[in-house]
Every structure is written in structure tokens, then in C-alpha cells.
$ cat query18.cif   # mmCIF, C-alpha atoms
data_protein
#
loop_
_atom_site.group_PDB
_atom_site.id
_atom_site.type_symbol
_atom_site.label_atom_id
_atom_site.label_comp_id
_atom_site.auth_asym_id
_atom_site.auth_seq_id
_atom_site.Cartn_x
_atom_site.Cartn_y
_atom_site.Cartn_z
ATOM 1 C CA MET A 38 -25.212 -13.117 7.243
ATOM 2 C CA ASN A 39 -24.997 -12.334 3.538
ATOM 3 C CA VAL A 40 -21.611 -11.167 2.252
ATOM 4 C CA TYR A 41 -20.835 -9.620 -1.129
ATOM 5 C CA VAL A 42 -17.172 -9.492 -2.162
ATOM 6 C CA VAL A 43 -15.865 -7.173 -4.865
ATOM 7 C CA GLY A 44 -12.471 -8.487 -5.903
ATOM 8 C CA ALA A 45 -11.772 -12.214 -6.136
ATOM 9 C CA GLY A 46 -8.019 -11.936 -5.664
ATOM 10 C CA ALA A 47 -6.050 -13.464 -2.812
ATOM 11 C CA VAL A 48 -7.388 -11.153 -0.086
ATOM 12 C CA GLY A 49 -11.002 -11.134 -1.256
ATOM 13 C CA THR A 50 -11.086 -14.899 -1.629
ATOM 14 C CA TYR A 51 -9.414 -15.408 1.741
ATOM 15 C CA LEU A 52 -11.845 -13.178 3.634
ATOM 16 C CA GLY A 53 -14.820 -14.591 1.759
ATOM 17 C CA GLU A 54 -13.859 -18.164 2.590
ATOM 18 C CA LEU A 55 -13.112 -17.167 6.180
ATOM 19 C CA LEU A 56 -16.638 -15.827 6.669
ATOM 20 C CA ALA A 57 -18.204 -18.676 4.697
ATOM 21 C CA ALA A 58 -16.663 -21.102 7.199
ATOM 22 C CA THR A 59 -18.682 -19.381 9.959
ATOM 23 C CA GLY A 60 -21.935 -20.021 8.096
ATOM 24 C CA ALA A 61 -22.186 -16.802 6.129
ATOM 25 C CA THR A 62 -23.516 -16.844 2.573
ATOM 26 C CA VAL A 63 -20.797 -15.371 0.368
ATOM 27 C CA GLN A 64 -21.212 -14.123 -3.189
ATOM 28 C CA PHE A 65 -18.462 -12.684 -5.386
ATOM 29 C CA ALA A 66 -19.146 -9.832 -7.774
ATOM 30 C CA PRO A 67 -18.716 -10.644 -11.465
ATOM 31 C CA ARG A 68 -15.731 -9.164 -13.288
ATOM 32 C CA ASN A 69 -17.859 -7.324 -15.845
ATOM 33 C CA LEU A 70 -20.141 -4.502 -14.706
ATOM 34 C CA GLU A 71 -22.702 -5.589 -17.289
ATOM 35 C CA ASP A 72 -23.112 -8.844 -15.367
ATOM 36 C CA VAL A 73 -23.810 -7.226 -11.982
ATOM 37 C CA VAL A 74 -27.287 -7.981 -10.639
ATOM 38 C CA PRO A 75 -29.101 -6.669 -7.535
ATOM 39 C CA VAL A 76 -28.172 -8.461 -4.309
ATOM 40 C CA SER A 77 -29.128 -8.281 -0.662
ATOM 41 C CA ALA A 78 -26.029 -8.088 1.528
ATOM 42 C CA ASP A 79 -25.329 -7.331 5.172
ATOM 43 C CA VAL A 80 -21.635 -6.849 4.445
ATOM 44 C CA ALA A 81 -19.749 -5.895 1.299
ATOM 45 C CA ILE A 82 -15.981 -6.351 1.171
ATOM 46 C CA VAL A 83 -14.032 -4.176 -1.269
ATOM 47 C CA ALA A 84 -10.847 -6.133 -1.999
ATOM 48 C CA VAL A 85 -9.652 -4.552 -5.233
ATOM 49 C CA LYS A 86 -6.497 -2.565 -5.879
ATOM 50 C CA ALA A 87 -6.824 1.091 -4.931
ATOM 51 C CA TYR A 88 -6.779 2.167 -8.578
ATOM 52 C CA ASP A 89 -9.934 0.072 -9.104
ATOM 53 C CA THR A 90 -11.896 1.614 -6.214
ATOM 54 C CA ASP A 91 -13.956 3.849 -8.506
ATOM 55 C CA GLY A 92 -15.052 0.811 -10.502
ATOM 56 C CA ALA A 93 -15.856 -1.064 -7.289
ATOM 57 C CA ILE A 94 -18.110 1.802 -6.208
ATOM 58 C CA VAL A 95 -20.065 1.601 -9.460
ATOM 59 C CA CYS A 96 -20.355 -2.165 -9.007
ATOM 60 C CA LEU A 97 -21.686 -1.749 -5.463
ATOM 61 C CA GLN A 98 -24.152 0.935 -6.497
ATOM 62 C CA ARG A 99 -25.578 -1.366 -9.153
ATOM 63 C CA ALA A 100 -25.656 -4.386 -6.845
ATOM 64 C CA LEU A 101 -26.908 -2.754 -3.627
ATOM 65 C CA GLY A 102 -29.272 -0.110 -4.978
ATOM 66 C CA PRO A 103 -29.652 3.613 -4.224
ATOM 67 C CA ALA A 104 -30.019 3.448 -0.404
ATOM 68 C CA PRO A 105 -28.270 0.312 0.862
ATOM 69 C CA SER A 106 -28.094 -0.672 4.528
ATOM 70 C CA THR A 107 -24.999 -2.733 3.790
ATOM 71 C CA VAL A 108 -21.804 -2.216 5.805
ATOM 72 C CA ILE A 109 -18.840 -1.799 3.469
ATOM 73 C CA VAL A 110 -15.474 -3.105 4.650
ATOM 74 C CA THR A 111 -12.266 -2.032 2.924
ATOM 75 C CA PRO A 112 -9.062 -4.030 3.598
ATOM 76 C CA GLN A 113 -7.334 -2.167 0.749
ATOM 77 C CA ASN A 114 -3.832 -0.805 1.056
ATOM 78 C CA GLY A 115 -3.014 2.871 0.985
ATOM 79 C CA VAL A 116 -4.774 6.098 1.901
ATOM 80 C CA GLY A 117 -7.925 7.502 0.333
ATOM 81 C CA ASN A 118 -10.155 4.477 -0.283
ATOM 82 C CA GLU A 119 -12.282 5.083 2.809
ATOM 83 C CA GLU A 120 -12.982 8.654 1.807
ATOM 84 C CA LYS A 121 -14.131 7.618 -1.672
ATOM 85 C CA LEU A 122 -16.449 4.947 -0.279
ATOM 86 C CA ALA A 123 -17.812 7.276 2.407
ATOM 87 C CA ALA A 124 -18.594 9.921 -0.222
ATOM 88 C CA ALA A 125 -20.575 7.339 -2.183
ATOM 89 C CA PHE A 126 -22.344 5.519 0.662
ATOM 90 C CA SER A 127 -21.990 7.644 3.874
ATOM 91 C CA SER A 128 -19.346 7.500 6.589
ATOM 92 C CA ASP A 129 -21.440 5.321 8.886
ATOM 93 C CA ALA A 130 -21.644 2.641 6.198
ATOM 94 C CA VAL A 131 -17.865 2.239 5.868
ATOM 95 C CA VAL A 132 -15.459 0.275 8.074
ATOM 96 C CA SER A 133 -11.733 0.524 7.529
ATOM 97 C CA CYS A 134 -9.732 -2.687 7.780
ATOM 98 C CA ALA A 135 -6.033 -3.547 7.987
ATOM 99 C CA LEU A 136 -5.189 -7.182 7.244
ATOM 100 C CA THR A 137 -1.763 -8.403 8.349
ATOM 101 C CA VAL A 138 -2.139 -12.061 7.401
ATOM 102 C CA PRO A 139 0.206 -12.749 4.457
ATOM 103 C CA VAL A 140 -1.958 -14.278 1.713
ATOM 104 C CA ASP A 141 -0.778 -15.803 -1.584
ATOM 105 C CA ARG A 142 -2.546 -17.688 -4.353
ATOM 106 C CA ALA A 143 -2.000 -21.367 -5.147
ATOM 107 C CA ARG A 144 -1.846 -22.497 -8.756
ATOM 108 C CA ASP A 145 -5.513 -23.444 -8.643
ATOM 109 C CA GLY A 146 -6.399 -19.930 -7.460
ATOM 110 C CA SER A 147 -7.172 -20.840 -3.861
ATOM 111 C CA PRO A 148 -5.749 -18.574 -1.133
ATOM 112 C CA ILE A 149 -2.774 -19.693 0.933
ATOM 113 C CA ALA A 150 -2.660 -17.798 4.225
ATOM 114 C CA ALA A 151 0.022 -17.699 6.883
ATOM 115 C CA ARG A 152 -0.889 -18.825 10.375
ATOM 116 C CA ASP A 153 0.007 -15.545 12.051
ATOM 117 C CA GLY A 154 -1.236 -12.013 11.689
ATOM 118 C CA GLY A 155 -4.752 -10.767 12.054
ATOM 119 C CA LEU A 156 -7.220 -8.060 11.197
ATOM 120 C CA THR A 157 -7.933 -4.652 12.706
ATOM 121 C CA LEU A 158 -11.181 -2.776 12.119
ATOM 122 C CA ALA A 159 -11.989 0.907 12.569
ATOM 123 C CA PRO A 160 -15.319 2.607 11.798
ATOM 124 C CA VAL A 161 -15.110 5.605 9.494
ATOM 125 C CA GLY A 162 -18.284 7.137 10.951
ATOM 126 C CA ALA A 163 -19.872 7.104 14.394
ATOM 127 C CA GLU A 164 -21.506 3.666 14.096
ATOM 128 C CA PRO A 165 -19.363 1.051 15.946
ATOM 129 C CA HIS A 166 -20.680 -2.047 14.095
ATOM 130 C CA ASN A 167 -19.932 -4.363 17.019
ATOM 131 C CA TRP A 168 -21.799 -7.210 15.319
ATOM 132 C CA LEU A 169 -19.302 -7.081 12.441
ATOM 133 C CA ILE A 170 -16.390 -7.357 14.861
ATOM 134 C CA ALA A 171 -18.048 -10.395 16.438
ATOM 135 C CA ALA A 172 -18.582 -11.987 13.010
ATOM 136 C CA PHE A 173 -14.870 -11.809 12.190
ATOM 137 C CA GLN A 174 -13.927 -13.006 15.676
ATOM 138 C CA GLN A 175 -16.128 -16.054 15.118
ATOM 139 C CA SER A 176 -13.778 -17.076 12.303
ATOM 140 C CA GLY A 177 -10.932 -17.592 14.772
ATOM 141 C CA LEU A 178 -8.871 -14.780 13.280
ATOM 142 C CA ALA A 179 -7.160 -12.385 15.684
ATOM 143 C CA VAL A 180 -9.311 -9.237 15.500
ATOM 144 C CA GLY A 181 -8.421 -5.836 16.875
ATOM 145 C CA VAL A 182 -10.374 -2.591 16.982
ATOM 146 C CA ALA A 183 -9.059 0.935 16.427
ATOM 147 C CA ARG A 184 -10.846 4.207 17.078
ATOM 148 C CA ASP A 185 -9.182 6.287 14.376
ATOM 149 C CA TYR A 186 -9.329 4.793 10.902
ATOM 150 C CA ARG A 187 -6.763 7.278 9.623
ATOM 151 C CA ALA A 188 -4.219 6.210 12.239
ATOM 152 C CA LEU A 189 -4.977 2.606 11.287
ATOM 153 C CA LYS A 190 -4.419 3.096 7.564
ATOM 154 C CA TRP A 191 -1.333 5.267 7.990
ATOM 155 C CA SER A 192 0.143 2.672 10.360
ATOM 156 C CA LYS A 193 -0.428 -0.018 7.752
ATOM 157 C CA LEU A 194 1.065 2.291 5.119
ATOM 158 C CA SER A 195 4.231 2.487 7.243
ATOM 159 C CA LEU A 196 4.589 -1.252 6.735
ATOM 160 C CA ASN A 197 3.554 -1.306 3.093
ATOM 161 C CA ILE A 198 6.206 1.151 1.931
ATOM 162 C CA VAL A 199 9.134 -0.885 3.292
ATOM 163 C CA ALA A 200 10.966 -2.883 0.589
ATOM 164 C CA ASN A 201 8.188 -2.220 -1.889
ATOM 165 C CA ALA A 202 8.646 0.702 -4.297
ATOM 166 C CA ALA A 203 12.441 0.387 -4.365
ATOM 167 C CA CYS A 204 12.171 -3.334 -5.140
ATOM 168 C CA ALA A 205 9.810 -2.523 -8.012
ATOM 169 C CA ILE A 206 11.969 0.246 -9.448
ATOM 170 C CA LEU A 207 15.164 -1.842 -9.264
ATOM 171 C CA ASN A 208 13.422 -5.131 -10.159
ATOM 172 C CA VAL A 209 14.902 -6.991 -7.185
ATOM 173 C CA LEU A 210 13.449 -9.064 -4.347
ATOM 174 C CA PRO A 211 13.606 -7.877 -0.710
ATOM 175 C CA GLU A 212 16.377 -10.330 0.179
ATOM 176 C CA ARG A 213 18.629 -8.572 -2.325
ATOM 177 C CA LEU A 214 17.462 -5.074 -1.512
ATOM 178 C CA VAL A 215 18.567 -5.426 2.115
ATOM 179 C CA ARG A 216 22.126 -6.024 0.901
ATOM 180 C CA MET A 217 22.173 -2.741 -1.029
ATOM 181 C CA GLU A 218 23.478 -0.386 1.637
ATOM 182 C CA SER A 219 22.756 2.873 -0.179
ATOM 183 C CA ILE A 220 19.217 1.841 -1.104
ATOM 184 C CA PHE A 221 18.396 0.496 2.324
ATOM 185 C CA GLY A 222 19.421 3.859 3.688
ATOM 186 C CA LEU A 223 16.714 5.347 1.468
ATOM 187 C CA GLU A 224 14.196 2.857 2.868
ATOM 188 C CA ILE A 225 14.897 4.054 6.400
ATOM 189 C CA ARG A 226 14.539 7.657 5.293
ATOM 190 C CA ALA A 227 11.215 6.836 3.607
ATOM 191 C CA VAL A 228 9.808 5.467 6.878
ATOM 192 C CA ARG A 229 11.126 8.510 8.733
ATOM 193 C CA GLU A 230 9.289 10.725 6.265
ATOM 194 C CA ALA A 231 6.062 8.764 6.762
ATOM 195 C CA ARG A 232 6.461 9.040 10.535
ATOM 196 C CA ALA A 233 6.968 12.815 10.249
ATOM 197 C CA VAL A 234 3.847 13.132 8.112
ATOM 198 C CA MET A 235 1.798 11.076 10.570
ATOM 199 C CA SER A 236 2.974 13.346 13.358
ATOM 200 C CA GLY A 237 2.068 16.386 11.282
ATOM 201 C CA LEU A 238 -1.412 14.955 10.771
ATOM 202 C CA GLY A 239 -1.765 14.364 14.517
ATOM 203 C CA LEU A 240 -1.853 10.575 14.112
ATOM 204 C CA ALA A 241 -0.199 8.176 16.532
ATOM 205 C CA PRO A 242 1.108 4.852 15.151
ATOM 206 C CA LEU A 243 -0.884 1.742 16.049
ATOM 207 C CA ASP A 244 0.543 -1.723 16.545
ATOM 208 C CA LEU A 245 -1.082 -4.314 14.278
ATOM 209 C CA PRO A 246 -1.297 -8.103 14.679
ATOM 210 C CA ARG A 247 2.154 -9.557 13.905
ATOM 211 C CA TYR A 248 3.618 -6.099 13.226
ATOM 212 C CA PRO A 249 4.638 -3.712 16.055
ATOM 213 C CA VAL A 250 4.435 -0.495 14.057
ATOM 214 C CA ARG A 251 5.574 1.630 16.986
ATOM 215 C CA VAL A 252 8.739 -0.443 17.220
ATOM 216 C CA LEU A 253 9.344 -0.004 13.476
ATOM 217 C CA GLN A 254 9.013 3.754 13.747
ATOM 218 C CA GLY A 255 11.234 3.705 16.817
ATOM 219 C CA VAL A 256 13.922 1.667 15.063
ATOM 220 C CA VAL A 257 14.250 4.202 12.238
ATOM 221 C CA SER A 258 15.062 6.816 14.884
ATOM 222 C CA LEU A 259 18.307 4.942 15.559
ATOM 223 C CA PRO A 260 21.483 5.740 13.630
ATOM 224 C CA THR A 261 21.051 4.482 10.072
ATOM 225 C CA PRO A 262 23.657 1.656 10.292
ATOM 226 C CA VAL A 263 21.974 0.258 13.419
ATOM 227 C CA ALA A 264 18.462 0.626 11.989
ATOM 228 C CA ARG A 265 19.587 -1.099 8.803
ATOM 229 C CA VAL A 266 20.823 -4.184 10.678
ATOM 230 C CA VAL A 267 17.614 -4.523 12.693
ATOM 231 C CA LEU A 268 15.227 -4.028 9.773
ATOM 232 C CA ALA A 269 17.255 -5.977 7.230
ATOM 233 C CA ASN A 270 17.181 -9.123 9.347
ATOM 234 C CA ARG A 271 13.419 -8.862 9.836
ATOM 235 C CA ILE A 272 12.681 -8.199 6.169
ATOM 236 C CA ALA A 273 15.008 -10.900 4.849
ATOM 237 C CA GLY A 274 13.494 -13.426 7.231
ATOM 238 C CA GLY A 275 9.871 -12.524 6.614
ATOM 239 C CA ARG A 276 9.572 -11.453 2.963
ATOM 240 C CA GLY A 277 12.955 -12.224 1.458
ATOM 241 C CA ARG A 278 11.914 -14.091 -1.680
ATOM 242 C CA LYS A 279 8.351 -12.828 -2.006
ATOM 243 C CA PRO A 280 7.867 -10.189 -4.724
ATOM 244 C CA PRO A 281 6.237 -7.128 -3.125
ATOM 245 C CA SER A 282 2.939 -5.802 -4.436
ATOM 246 C CA LEU A 283 4.344 -2.904 -6.474
ATOM 247 C CA LEU A 284 6.822 -5.183 -8.233
ATOM 248 C CA LEU A 285 3.981 -7.560 -9.084
ATOM 249 C CA ASP A 286 2.037 -4.600 -10.509
ATOM 250 C CA LEU A 287 4.944 -3.655 -12.770
ATOM 251 C CA ARG A 288 5.571 -7.208 -13.905
ATOM 252 C CA ALA A 289 1.880 -7.548 -14.765
ATOM 253 C CA ALA A 290 2.261 -4.520 -17.083
ATOM 254 C CA LYS A 291 -1.069 -3.044 -16.008
ATOM 255 C CA GLY A 292 0.061 0.497 -16.729
ATOM 256 C CA GLN A 293 -0.646 1.563 -13.156
ATOM 257 C CA THR A 294 0.328 0.693 -9.587
ATOM 258 C CA GLU A 295 -0.766 1.545 -6.066
ATOM 259 C CA VAL A 296 2.274 3.740 -5.458
ATOM 260 C CA GLU A 297 0.125 6.901 -5.557
ATOM 261 C CA VAL A 298 -1.822 5.815 -2.446
ATOM 262 C CA LEU A 299 1.337 4.648 -0.649
ATOM 263 C CA ASN A 300 4.499 6.678 -1.234
ATOM 264 C CA GLY A 301 2.458 9.233 -3.154
ATOM 265 C CA ALA A 302 0.175 9.733 -0.158
ATOM 266 C CA VAL A 303 3.210 10.529 2.001
ATOM 267 C CA ALA A 304 4.525 13.003 -0.580
ATOM 268 C CA ASP A 305 1.140 14.699 -1.067
ATOM 269 C CA ALA A 306 0.464 15.056 2.664
ATOM 270 C CA GLY A 307 4.018 16.269 3.216
ATOM 271 C CA ALA A 308 3.565 18.970 0.586
ATOM 272 C CA ARG A 309 0.367 20.169 2.288
ATOM 273 C CA LEU A 310 2.040 20.195 5.695
ATOM 274 C CA GLY A 311 5.331 21.708 4.598
ATOM 275 C CA ILE A 312 7.236 18.507 5.446
ATOM 276 C CA LYS A 313 9.992 17.453 3.074
ATOM 277 C CA THR A 314 9.563 13.946 1.659
ATOM 278 C CA PRO A 315 12.202 13.552 -1.066
ATOM 279 C CA VAL A 316 12.488 9.764 -0.932
ATOM 280 C CA ASN A 317 8.764 9.061 -1.130
ATOM 281 C CA SER A 318 8.366 11.761 -3.787
ATOM 282 C CA VAL A 319 11.014 10.173 -6.009
ATOM 283 C CA TYR A 320 9.726 6.649 -5.419
ATOM 284 C CA CYS A 321 6.230 7.722 -6.491
ATOM 285 C CA ARG A 322 7.327 9.733 -9.510
ATOM 286 C CA VAL A 323 9.796 7.177 -10.865
ATOM 287 C CA LEU A 324 7.519 4.201 -10.352
ATOM 288 C CA SER A 325 4.561 5.986 -11.941
ATOM 289 C CA ASP A 326 6.734 6.915 -14.920
ATOM 290 C CA ILE A 327 7.871 3.305 -15.343
ATOM 291 C CA ALA A 328 4.298 2.018 -15.112
ATOM 292 C CA HIS A 329 3.190 4.377 -17.888
ATOM 293 C CA MET A 330 6.362 4.034 -19.975
ATOM 294 C CA PRO A 331 7.794 0.527 -19.409
ATOM 295 C CA GLN A 332 10.827 1.290 -21.580
ATOM 296 C CA LEU A 333 12.100 3.514 -18.750
ATOM 297 C CA TRP A 334 12.504 0.470 -16.497
ATOM 298 C CA ALA A 335 15.790 -0.398 -18.186
ATOM 299 C CA LYS A 336 17.286 2.814 -16.769
ATOM 300 C CA TYR A 337 16.749 1.635 -13.177
ATOM 301 C CA ARG A 338 16.825 -2.175 -13.194
ATOM 302 C CA GLU A 339 19.504 -3.314 -10.741
ATOM 303 C CA ARG A 340 21.062 0.173 -10.835
ATOM 304 C CA PRO A 341 20.777 1.542 -7.293
ATOM 305 C CA ASP A 342 23.194 4.374 -8.075
ATOM 306 C CA VAL A 343 20.692 5.890 -10.513
ATOM 307 C CA LEU A 344 17.886 5.848 -7.944
ATOM 308 C CA VAL A 345 20.124 7.317 -5.243
ATOM 309 C CA ALA A 346 21.123 10.118 -7.630
ATOM 310 C CA GLU A 347 17.442 10.870 -8.292
ATOM 311 C CA VAL A 348 16.802 11.242 -4.569
ATOM 312 C CA GLU A 349 19.852 13.452 -4.064
ATOM 313 C CA ALA A 350 18.613 15.706 -6.861
ATOM 314 C CA GLU A 351 15.171 15.874 -5.237
ATOM 315 C CA VAL A 352 16.715 16.727 -1.857
ATOM 316 C CA ALA A 353 18.599 19.589 -3.501
ATOM 317 C CA ARG A 354 15.446 20.754 -5.267
ATOM 318 C CA GLN A 355 13.382 20.716 -2.056
ATOM 319 C CA ASN A 356 16.153 22.590 -0.267
ATOM 320 C CA GLY A 357 16.228 25.177 -3.033
ATOM 321 C CA ARG A 358 19.783 24.386 -4.087
ATOM 322 C CA ARG A 359 21.150 24.044 -7.594
ATOM 323 C CA VAL A 360 21.930 20.473 -8.630
ATOM 324 C CA ARG A 361 25.440 19.828 -9.915
ATOM 325 C CA ALA A 362 25.637 18.584 -13.487
#
$ encode --input "query18.cif" --output "C-alpha cells"
Amino acid sequence: MNVYVVGAGAVGTYLGELLAATGATVQFAPRNLEDVVPVSADVAIVAVKAYDTDGAIVCLQRALGPAPSTVIVTPQNGVGNEEKLAAAFSSDAVVSCALTVPVDRARDGSPIAARDGGLTLAPVGAEPHNWLIAAFQQSGLAVGVARDYRALKWSKLSLNIVANAACAILNVLPERLVRMESIFGLEIRAVREARAVMSGLGLAPLDLPRYPVRVLQGVVSLPTPVARVVLANRIAGGRGRKPPSLLLDLRAAKGQTEVEVLNGAVADAGARLGIKTPVNSVYCRVLSDIAHMPQLWAKYRERPDVLVAEVEAEVARQNGRRVRA
């Protein structure tokens, strides 16, 4: 099996090495489009940030040619990547993927993966691609299969938005965020909003390897103080000192983050459905503003009261009330 990987970050390298260990021939796309050459690939893995998906599509079109038979797998976070890839290559060519193995990079660039977690695949079109499922199973990784790729990606989004945008805006790690009572209340409300949007879209949450998403969405139904205790202990124990992805984006000063396909996706879908999503709306707007104008970060760093006030103002706006000066 020939595999072509676009994106040589932690996830792309991890999946590439995983398949290489099964005997697959793995090739990584060059960073510069000018260096892309035609390749023959059975599988292409798109492992770039969501804001680089358009560039990845151009890379694949140059590498695979006008009518490729390649199956394109996207383990990217957020909502919308599958639709872009399907528009470029057809729905039957695209397989959605949710990876729940925590992967970091060592100093030498090699991936460091946790021992738990797994991977769930869902076809975007009608083609099941059972051979692809078998190929990943051969690696020894826990592999699940979902029927609805949208339910899969929205379930993963439910996990990705926890202790992510707020950490980035406030410039704190998860272990500190869980001790901020007012902010952690916002986190619970953000998950409730995502759950409401999923319900409005007719999508049922799916449990993923290592992460019982249905339990998470059930916990946020509890009174906020109880939900906070349950989730805080899990977050502090699992990701306490690890900077979340959106915080890493800000610290890298790239001028953009994935917040639009995470919290922004919740806010956009909520607006279409008539579901109020004030927390996710504020998280997306504030984080996008900071990414484009880094000087604004000083207003929010380690100042939870400012972020809470922003959400309260958004709640009033969405409810059609005047905001007190």
C-alpha cells in the first residue's frame, strides 16, 4: 500500500510511521507547492491544520492528478474539512477520521504517542472502504467505525472545545483553568451549547476510544457545581500541564487559529438553527481578534473577569436586552 501524507506534524508523522510499520510505503508531501511531484498513492492522509486545508487540496491535486483513485483520509479537527475535500475529489473518495491518541513531538521531531486512545473512521460517501479499516487495524491501533461522519466530527468537536479556547484567550494551562470557577462555568455552558446544536442538526453523540462523549454530554446536564467537579478532575489529570492546540496557535503567532472550525462552527450552526450560543460565539470572536491583533491579548491574559463580562454582554445581546454600561 502506498501512502501519501500532507502535513508532517505530530499527527501526520505518527500515522505515517504507524502504517509504515505494517509494510506500507509512506511518502510525505514537501512543504513548498513548487516541489510537489506526481505520485501514485492508495491512501492520502491530510494532517494539516484546518486553515491549511485549501493548500492541502492544491497539493493533492498536483500530486495525484485530475482523476485520482486515491482514498483521502482526514484526521483534522473541527467541522468543514470533509466537505471541502469532497467538493474537490468526490464524496466517495473521502474518509473522515477522529484520532484520540494524544500525540506530541520530541525534540528531534519524532512523534511521542500515548498508549491509549484509538481511531474512528467514517466514510463521507457511500463507499465503505473496508480494506482501509483493515489496514489501520493491522497496525495494532484500536479502530472503530461510524456510519455518520458528521456525528463523528461533532462528537470529536465536543472534546476539542473543552479547556481550549478559554486557555488560549487567558494564556493559562488547563490545570489552572479548572481552578477558575467563573471560567469553568463558561466551559460547561460551551459544551451544553454544542450539545444543543448537535441535537438541532439531528446528530447523536458517539463515544470515541478513550473518551466517552455521551458521558461528557450527560455530565454537563448536571447542576454546574457538580459538573465542574467531575470534569475538572478529569481535565486536570489528563491534560493539566499540556498547552491546548489553540494556545499553541496563539503562541506561534501564526495570525490564525482553528477556532473558526471549533467554537465558530458551533456559533455558525446555532445561528442557522436559531439556537443561542453566546459562549462559543464570544470564544470565537475574541480569539480570532487576538490572532489577528496580538496586542489585544494583554486585555485578556489571566483576566477571567474580562472574558466573563464579554459573555454576559453577548447573552444580553442575543436576548435582545440593553447592556448596562
$ resolve_selection --input "query18.cif" --expression "the PyMOL selection byres ((chain A and resi 336) around 12)" --output "list in words"
Ile206, Leu207, Asn208, Val323, Leu324, Asp326, Ile327, Met330, Pro331, Gln332, Leu333, Trp334, Ala335, Tyr337, Arg338, Glu339, Arg340, Pro341, Asp342, Val343, Leu344 and Glu347 of chain A
$ resolve_selection --input "query18.cif" --expression "the PyMOL selection byres ((chain A and resi 242) around 6)" --output "list in words"
Ser192, Ala241, Leu243 and Arg251 of chain A
$ atom_distance --input "query18.cif" --atom1 "atom CA of A:Asn167" --atom2 "atom CA of A:Ala45"
25.8 Å
$ resolve_selection --input "query18.cif" --expression "the PyMOL selection byres ((chain A and resi 307) around 10)" --output "VMD selection string"
chain A and resid 230 to 231 233 to 235 237 to 238 301 to 306 308 to 315 317 to 318
$ atom_distance --input "query18.cif" --atom1 "atom CA of A:Gly181" --atom2 "atom CA of A:Leu245"
7.9 Å
$ atom_distance --input "query18.cif" --atom1 "atom CA of A:Val263" --atom2 "atom CA of A:Val296"
27.5 Å
$ residues_around --input "query18.cif" --residues "A:Val215" --least-positions-apart "2" --cutoff "12 Å" --atoms "all atoms listed in the file" --output "ChimeraX atom specification"
/A:199-201,203-204,209-213,217-225,262,264-274,276-278,341
$ residues_around --input "query18.cif" --residues "stretch 154-161 of chain A" --least-positions-apart "2" --cutoff "9 Å" --atoms "all atoms listed in the file" --output "mmCIF file with C-alpha atoms, in the frame of the given file"
data_model
loop_
_atom_site.group_PDB
_atom_site.id
_atom_site.type_symbol
_atom_site.label_atom_id
_atom_site.label_comp_id
_atom_site.auth_asym_id
_atom_site.auth_seq_id
_atom_site.Cartn_x
_atom_site.Cartn_y
_atom_site.Cartn_z
ATOM 1 C CA VAL A 110 -15.474 -3.105 4.650
ATOM 2 C CA PRO A 112 -9.062 -4.030 3.598
ATOM 3 C CA GLU A 119 -12.282 5.083 2.809
ATOM 4 C CA GLU A 120 -12.982 8.654 1.807
ATOM 5 C CA ALA A 123 -17.812 7.276 2.407
ATOM 6 C CA SER A 128 -19.346 7.500 6.589
ATOM 7 C CA ASP A 129 -21.440 5.321 8.886
ATOM 8 C CA ALA A 130 -21.644 2.641 6.198
ATOM 9 C CA VAL A 131 -17.865 2.239 5.868
ATOM 10 C CA VAL A 132 -15.459 0.275 8.074
ATOM 11 C CA SER A 133 -11.733 0.524 7.529
ATOM 12 C CA CYS A 134 -9.732 -2.687 7.780
ATOM 13 C CA ALA A 135 -6.033 -3.547 7.987
ATOM 14 C CA LEU A 136 -5.189 -7.182 7.244
ATOM 15 C CA THR A 137 -1.763 -8.403 8.349
ATOM 16 C CA VAL A 138 -2.139 -12.061 7.401
ATOM 17 C CA PRO A 139 0.206 -12.749 4.457
ATOM 18 C CA ALA A 151 0.022 -17.699 6.883
ATOM 19 C CA ARG A 152 -0.889 -18.825 10.375
ATOM 20 C CA ALA A 163 -19.872 7.104 14.394
ATOM 21 C CA GLU A 164 -21.506 3.666 14.096
ATOM 22 C CA PRO A 165 -19.363 1.051 15.946
ATOM 23 C CA HIS A 166 -20.680 -2.047 14.095
ATOM 24 C CA ILE A 170 -16.390 -7.357 14.861
ATOM 25 C CA PHE A 173 -14.870 -11.809 12.190
ATOM 26 C CA LEU A 178 -8.871 -14.780 13.280
ATOM 27 C CA ALA A 179 -7.160 -12.385 15.684
ATOM 28 C CA VAL A 180 -9.311 -9.237 15.500
ATOM 29 C CA GLY A 181 -8.421 -5.836 16.875
ATOM 30 C CA VAL A 182 -10.374 -2.591 16.982
ATOM 31 C CA ALA A 183 -9.059 0.935 16.427
ATOM 32 C CA ARG A 184 -10.846 4.207 17.078
ATOM 33 C CA ASP A 185 -9.182 6.287 14.376
ATOM 34 C CA TYR A 186 -9.329 4.793 10.902
ATOM 35 C CA ARG A 187 -6.763 7.278 9.623
ATOM 36 C CA LEU A 189 -4.977 2.606 11.287
ATOM 37 C CA LEU A 245 -1.082 -4.314 14.278
ATOM 38 C CA PRO A 246 -1.297 -8.103 14.679
ATOM 39 C CA ARG A 247 2.154 -9.557 13.905
ATOM 40 C CA TYR A 248 3.618 -6.099 13.226
#
$ residues_around --input "query18.cif" --residues "A:Val42" --least-positions-apart "4" --cutoff "7 Å" --atoms "all atoms listed in the file" --output "MDAnalysis selection string"
chainID A and resid 49 53 64:66 81:83
$ closest_residue --input "query18.cif" --among "A:Ala188, A:Ala61, A:Leu52, A:Ala87" --to "A:Leu240" --atoms "only C-alpha atoms"
A:Ala188
$ build_atoms --input "query18.cif" --residues "stretch 76-84 of chain A" --atoms "N, CA and C atoms" --output "compact mmCIF listing (two decimals), in the coordinates of the input"
# COMPACT_ATOMS: atom_id res chain seq x y z
N VAL A 76 -28.37 -7.47 -5.37
CA VAL A 76 -28.17 -8.46 -4.31
C VAL A 76 -28.60 -7.85 -2.99
N SER A 77 -28.85 -8.71 -2.03
CA SER A 77 -29.13 -8.28 -0.66
C SER A 77 -27.94 -8.72 0.19
N ALA A 78 -27.24 -7.76 0.78
CA ALA A 78 -26.03 -8.09 1.53
C ALA A 78 -25.97 -7.30 2.84
N ASP A 79 -25.57 -8.00 3.89
CA ASP A 79 -25.33 -7.33 5.17
C ASP A 79 -23.95 -6.67 5.18
N VAL A 80 -23.01 -7.33 4.50
CA VAL A 80 -21.64 -6.85 4.44
C VAL A 80 -21.14 -6.90 3.01
N ALA A 81 -20.44 -5.88 2.59
CA ALA A 81 -19.75 -5.90 1.30
C ALA A 81 -18.26 -5.66 1.58
N ILE A 82 -17.43 -6.49 1.00
CA ILE A 82 -15.98 -6.35 1.17
C ILE A 82 -15.38 -5.85 -0.14
N VAL A 83 -14.69 -4.73 -0.08
CA VAL A 83 -14.03 -4.18 -1.27
C VAL A 83 -12.56 -4.59 -1.22
N ALA A 84 -12.20 -5.56 -2.04
CA ALA A 84 -10.85 -6.13 -2.00
C ALA A 84 -10.15 -5.99 -3.34
